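Below is one structure, written out as structure tokens, with a few remarks after it.
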Amino acid sequence: MNETEAETSGQLQAAEFGRPMLEQHFPHVARRGVLMLNNGSFGVAPKSVLDCKLRLTEEFESFADEFVRLRQVDLNYSSLEAIARRLRVRPQQCALLENVTIGVSNILRRLLALEPPGSQVLINSWTYIAVRMAATEAGEAPEAKLQLPLKSGEDVLRAVEQELDRRPKVRIAVFDHITSTTACLMPVKELTALCRNRGIKVIIDGAHAIGQVPNLDIEDIGADFYLGNLNKWHFLPKSVALMWISEAHVSTMKPDIVSWLLHDEVLPHRYSYLGTRDTSSFYVIPEALKFIDEICGGLDRVYEYCRSLADEASSYLAGFWGTDLLPLPADMQAPFMRLIRLPQHLQRPAIKKFAEETRFESNMWKFLAYKLKMDLLILNIEDSLFIRIAASIVVDMNDIRLVGDTMMRLKETDFVLD
Ligand SMILES: Cc1ncc(COP(=O)(O)O)c(C=O)c1O
């Protein structure tokens, strides 16, 4: 059967991942000419999804009254229903938000208002910075100390248990499903059980999880709240995230922003109209799911590709550079993201200093992006520089080999910006 016959018979040919995928379906990314090895930070959306978003924006802009009065709430619900069905959760227990940061702040504020004054939020050494800041806004936030090398999930559970034993005021705990700076897949189900047995409410920050954790079963984790970005690993544009809420909190949860639908009986409606804003990214979820099904050949195929690319890329780079991976057990490595120690000649004090620049627009990032045309994360962990790679469908081993060679050729004197 040729391609046209296959298409007319309904069997679409799944596209080839790597450069062909980049060029055919992400031409806007290809045009910039920057190697996208940092999908973990913001993700990339395909052209078809961006076109759909633009059509919706035009619809809004061309007759806003009609869009807001007659279309918006329904579009929101049907989009939410589409992703909820995929994740096997009830849409009535979910809401669409712009991002995880907004969700964590909202949940913490609501939960803490119901707890006695002085209640604390448990975080840990690898909690995402913005989430850590939200936890500390409420007061002191006890921190479970996690140490490398991590031998198993038991190490994490023990650290959390020890901290809880010393901290009776902890009423809420936040755990990343996949941590950002260490790319670690956390034992969230066990952590949740540990906390809930002590009457502590649990929020899971799944910013990286939807699309990356295979067979994600949100309800089975047993937490009170689950949050996940859809722009990172689910081919949605910025800004759209899913918040799932356990049955017990559905009637009381509401957004911090007070607007027209605040008291609606239906939870997702309460979050659907927070004043005039452009939420076109919310409504293209069905288009992103179509991209996953028809162009990628399903999420399982994406998973297989990214997971095996992450495995191959990380062992290739560590071998080529004569270094190692961040010491995590194999079953706790994020499926698509890995940290590899940079070669010895790049572990020099001047380069570390350059990389440690903590402002948002760090010197190291500018150097990599503008001089080398590579979007990569460099992290200093326990006084050693690591590269975090994110394997996505728009990269392949040729890109990884280029990173390997480029880093090998860099010298200390290269790290000076014009
Ligand atoms: C673990 C984790 N939590 C939360 C966030 C925040 O996501 P956003 O900036 O989309 O709110 C990130 C972002 O990368 C993250 O890695």
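Following the order of the structure tokens, chains are lettered A, B, ..., residues in each are numbered from 1, and ligands are numbered from 1.
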Sort by chain and increasing residue number a table of all residues of range 276-368 of chain A within 10 Å of range 224-233 of chain A, each with its closest pair of atoms and their distance in Å to one decimal, counting only C-alpha atoms, and write it as CSV.
residue,atom,partner,partner_atom,distance
A:Ser281,CA,A:Asn231,CA,9.1
A:Phe282,CA,A:Leu230,CA,9.4
A:Ile285,CA,A:Leu230,CA,8.7
A:Ala288,CA,A:Leu230,CA,9.6
A:Val302,CA,A:Trp233,CA,9.8
A:Phe336,CA,A:Trp233,CA,9.6
- request: Kindly work out which residues sit at most 7 Å from ligand 1, using only C-alpha atoms and all ligand atoms, and give the list as a PyMOL selection string.
  value: chain A and resi 40-42+99-102+127-128+130-131+176+178-180+205-208+229
message: Using DSSP assignments from the backbone, pull out every residue in range 86-209 of chain A that falls under helix (DSSP H, G or I) and give it to me as an NGL selection string.
response: :A and (86-87 or 91-93 or 100-113 or 129-137 or 153-166 or 188-196)
query: Thr136 in chain A: which residues within 10 Å, counting only C-alpha atoms, same-chain residues fewer than 3 positions away excluded, as a PyMOL selection string?
result: chain A and resi 120-123+130-133+139-142
Mind writing the picked residues with C-alpha atoms as an mmCIF file, in the first residue's frame?
data_model
loop_
_atom_site.group_PDB
_atom_site.id
_atom_site.type_symbol
_atom_site.label_atom_id
_atom_site.label_comp_id
_atom_site.auth_asym_id
_atom_site.auth_seq_id
_atom_site.Cartn_x
_atom_site.Cartn_y
_atom_site.Cartn_z
ATOM 1 C CA GLN A 120 3.808 24.276 57.602
ATOM 2 C CA VAL A 121 4.395 22.996 54.067
ATOM 3 C CA LEU A 122 6.991 20.258 53.599
ATOM 4 C CA ILE A 123 9.345 20.584 50.655
ATOM 5 C CA ALA A 130 9.106 28.760 42.356
ATOM 6 C CA VAL A 131 7.220 26.071 44.284
ATOM 7 C CA ARG A 132 9.682 26.330 47.168
ATOM 8 C CA MET A 133 9.053 30.085 47.182
ATOM 9 C CA GLY A 139 6.128 30.778 56.729
ATOM 10 C CA GLU A 140 8.873 28.323 57.506
ATOM 11 C CA ALA A 141 8.864 25.351 55.099
ATOM 12 C CA PRO A 142 10.674 22.291 56.489
#
Range 283-319 of chain A residues near range 70-89 of chain A within 12 Å, closest pair each, using only C-alpha atoms, as CSV:
residue,atom,partner,partner_atom,distance
A:Tyr283,CA,A:Ser79,CA,5.5
A:Val284,CA,A:Ser79,CA,7.1
A:Ile285,CA,A:Ser79,CA,5.6
A:Pro286,CA,A:Ser79,CA,6.2
A:Glu287,CA,A:Ser79,CA,9.4
A:Ala288,CA,A:Ile83,CA,9.8
A:Leu289,CA,A:Ile83,CA,8.0
A:Lys290,CA,A:Ala82,CA,10.7
A:Ile292,CA,A:Arg86,CA,11.7
A:Asp293,CA,A:Arg86,CA,11.6
A:Gly298,CA,A:Arg86,CA,11.5
A:Leu299,CA,A:Arg86,CA,10.4
Restricting the output to all heavy atoms, write the selected residues as a compact mmCIF listing (two decimals), in the first residue's frame.
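That gives us again-v8.txt:
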# COMPACT_ATOMS: atom_id res chain seq x y z
N TYR A 283 -7.75 25.78 24.34
CA TYR A 283 -8.75 25.19 23.46
C TYR A 283 -8.16 24.33 22.35
O TYR A 283 -8.89 23.76 21.56
CB TYR A 283 -9.65 26.29 22.86
CG TYR A 283 -10.09 27.32 23.88
CD1 TYR A 283 -10.09 28.67 23.58
CD2 TYR A 283 -10.48 26.91 25.15
CE1 TYR A 283 -10.47 29.61 24.53
CE2 TYR A 283 -10.86 27.85 26.11
CZ TYR A 283 -10.84 29.19 25.79
OH TYR A 283 -11.21 30.11 26.73
N VAL A 284 -6.83 24.28 22.27
CA VAL A 284 -6.23 23.49 21.18
C VAL A 284 -5.77 22.11 21.67
O VAL A 284 -5.06 21.40 20.95
CB VAL A 284 -5.09 24.25 20.46
CG1 VAL A 284 -5.66 25.48 19.76
CG2 VAL A 284 -3.97 24.67 21.40
N ILE A 285 -6.22 21.73 22.85
CA ILE A 285 -5.88 20.39 23.33
C ILE A 285 -6.31 19.31 22.33
O ILE A 285 -5.50 18.43 21.99
CB ILE A 285 -6.48 20.13 24.74
CG1 ILE A 285 -5.74 20.99 25.78
CG2 ILE A 285 -6.41 18.66 25.12
CD1 ILE A 285 -6.32 20.94 27.19
N PRO A 286 -7.54 19.36 21.79
CA PRO A 286 -7.91 18.32 20.82
C PRO A 286 -6.97 18.29 19.61
O PRO A 286 -6.65 17.22 19.09
CB PRO A 286 -9.34 18.71 20.41
CG PRO A 286 -9.86 19.48 21.59
CD PRO A 286 -8.67 20.25 22.11
N GLU A 287 -6.49 19.47 19.18
CA GLU A 287 -5.57 19.51 18.02
C GLU A 287 -4.23 18.86 18.39
O GLU A 287 -3.62 18.16 17.59
CB GLU A 287 -5.37 20.98 17.59
CG GLU A 287 -4.66 21.17 16.28
CD GLU A 287 -5.46 20.69 15.06
OE1 GLU A 287 -6.70 20.67 15.10
OE2 GLU A 287 -4.79 20.33 14.05
N ALA A 288 -3.77 19.09 19.62
CA ALA A 288 -2.50 18.47 20.05
C ALA A 288 -2.67 16.95 20.16
O ALA A 288 -1.76 16.19 19.80
CB ALA A 288 -2.06 19.06 21.39
N LEU A 289 -3.84 16.51 20.61
CA LEU A 289 -4.07 15.06 20.71
C LEU A 289 -4.12 14.44 19.31
O LEU A 289 -3.62 13.34 19.08
CB LEU A 289 -5.38 14.77 21.46
CG LEU A 289 -5.40 15.24 22.94
CD1 LEU A 289 -6.76 14.97 23.57
CD2 LEU A 289 -4.30 14.56 23.76
N LYS A 290 -4.67 15.21 18.36
CA LYS A 290 -4.72 14.73 16.97
C LYS A 290 -3.28 14.60 16.43
O LYS A 290 -2.95 13.64 15.75
CB LYS A 290 -5.52 15.76 16.16
CG LYS A 290 -5.82 15.36 14.76
CD LYS A 290 -6.87 16.32 14.19
CE LYS A 290 -6.72 16.34 12.69
NZ LYS A 290 -7.10 17.59 12.09
N ILE A 292 -0.61 14.01 18.18
CA ILE A 292 0.00 12.83 18.82
C ILE A 292 -0.48 11.55 18.12
O ILE A 292 0.32 10.66 17.80
CB ILE A 292 -0.36 12.79 20.33
CG1 ILE A 292 0.34 13.94 21.07
CG2 ILE A 292 0.01 11.45 20.96
CD1 ILE A 292 -0.11 14.14 22.52
N ASP A 293 -1.78 11.48 17.86
CA ASP A 293 -2.33 10.25 17.27
C ASP A 293 -1.93 10.08 15.81
O ASP A 293 -1.44 9.03 15.40
CB ASP A 293 -3.87 10.27 17.33
CG ASP A 293 -4.37 10.23 18.76
OD1 ASP A 293 -3.58 9.89 19.65
OD2 ASP A 293 -5.55 10.55 18.98
N GLY A 298 0.83 7.96 18.05
CA GLY A 298 0.43 7.64 19.43
C GLY A 298 1.50 7.98 20.45
O GLY A 298 2.69 8.07 20.13
N LEU A 299 1.05 8.14 21.69
CA LEU A 299 1.96 8.53 22.76
C LEU A 299 2.98 7.43 23.08
O LEU A 299 4.11 7.71 23.47
CB LEU A 299 1.14 8.87 24.02
CG LEU A 299 1.72 9.90 24.98
CD1 LEU A 299 2.14 11.18 24.29
CD2 LEU A 299 0.72 10.21 26.10
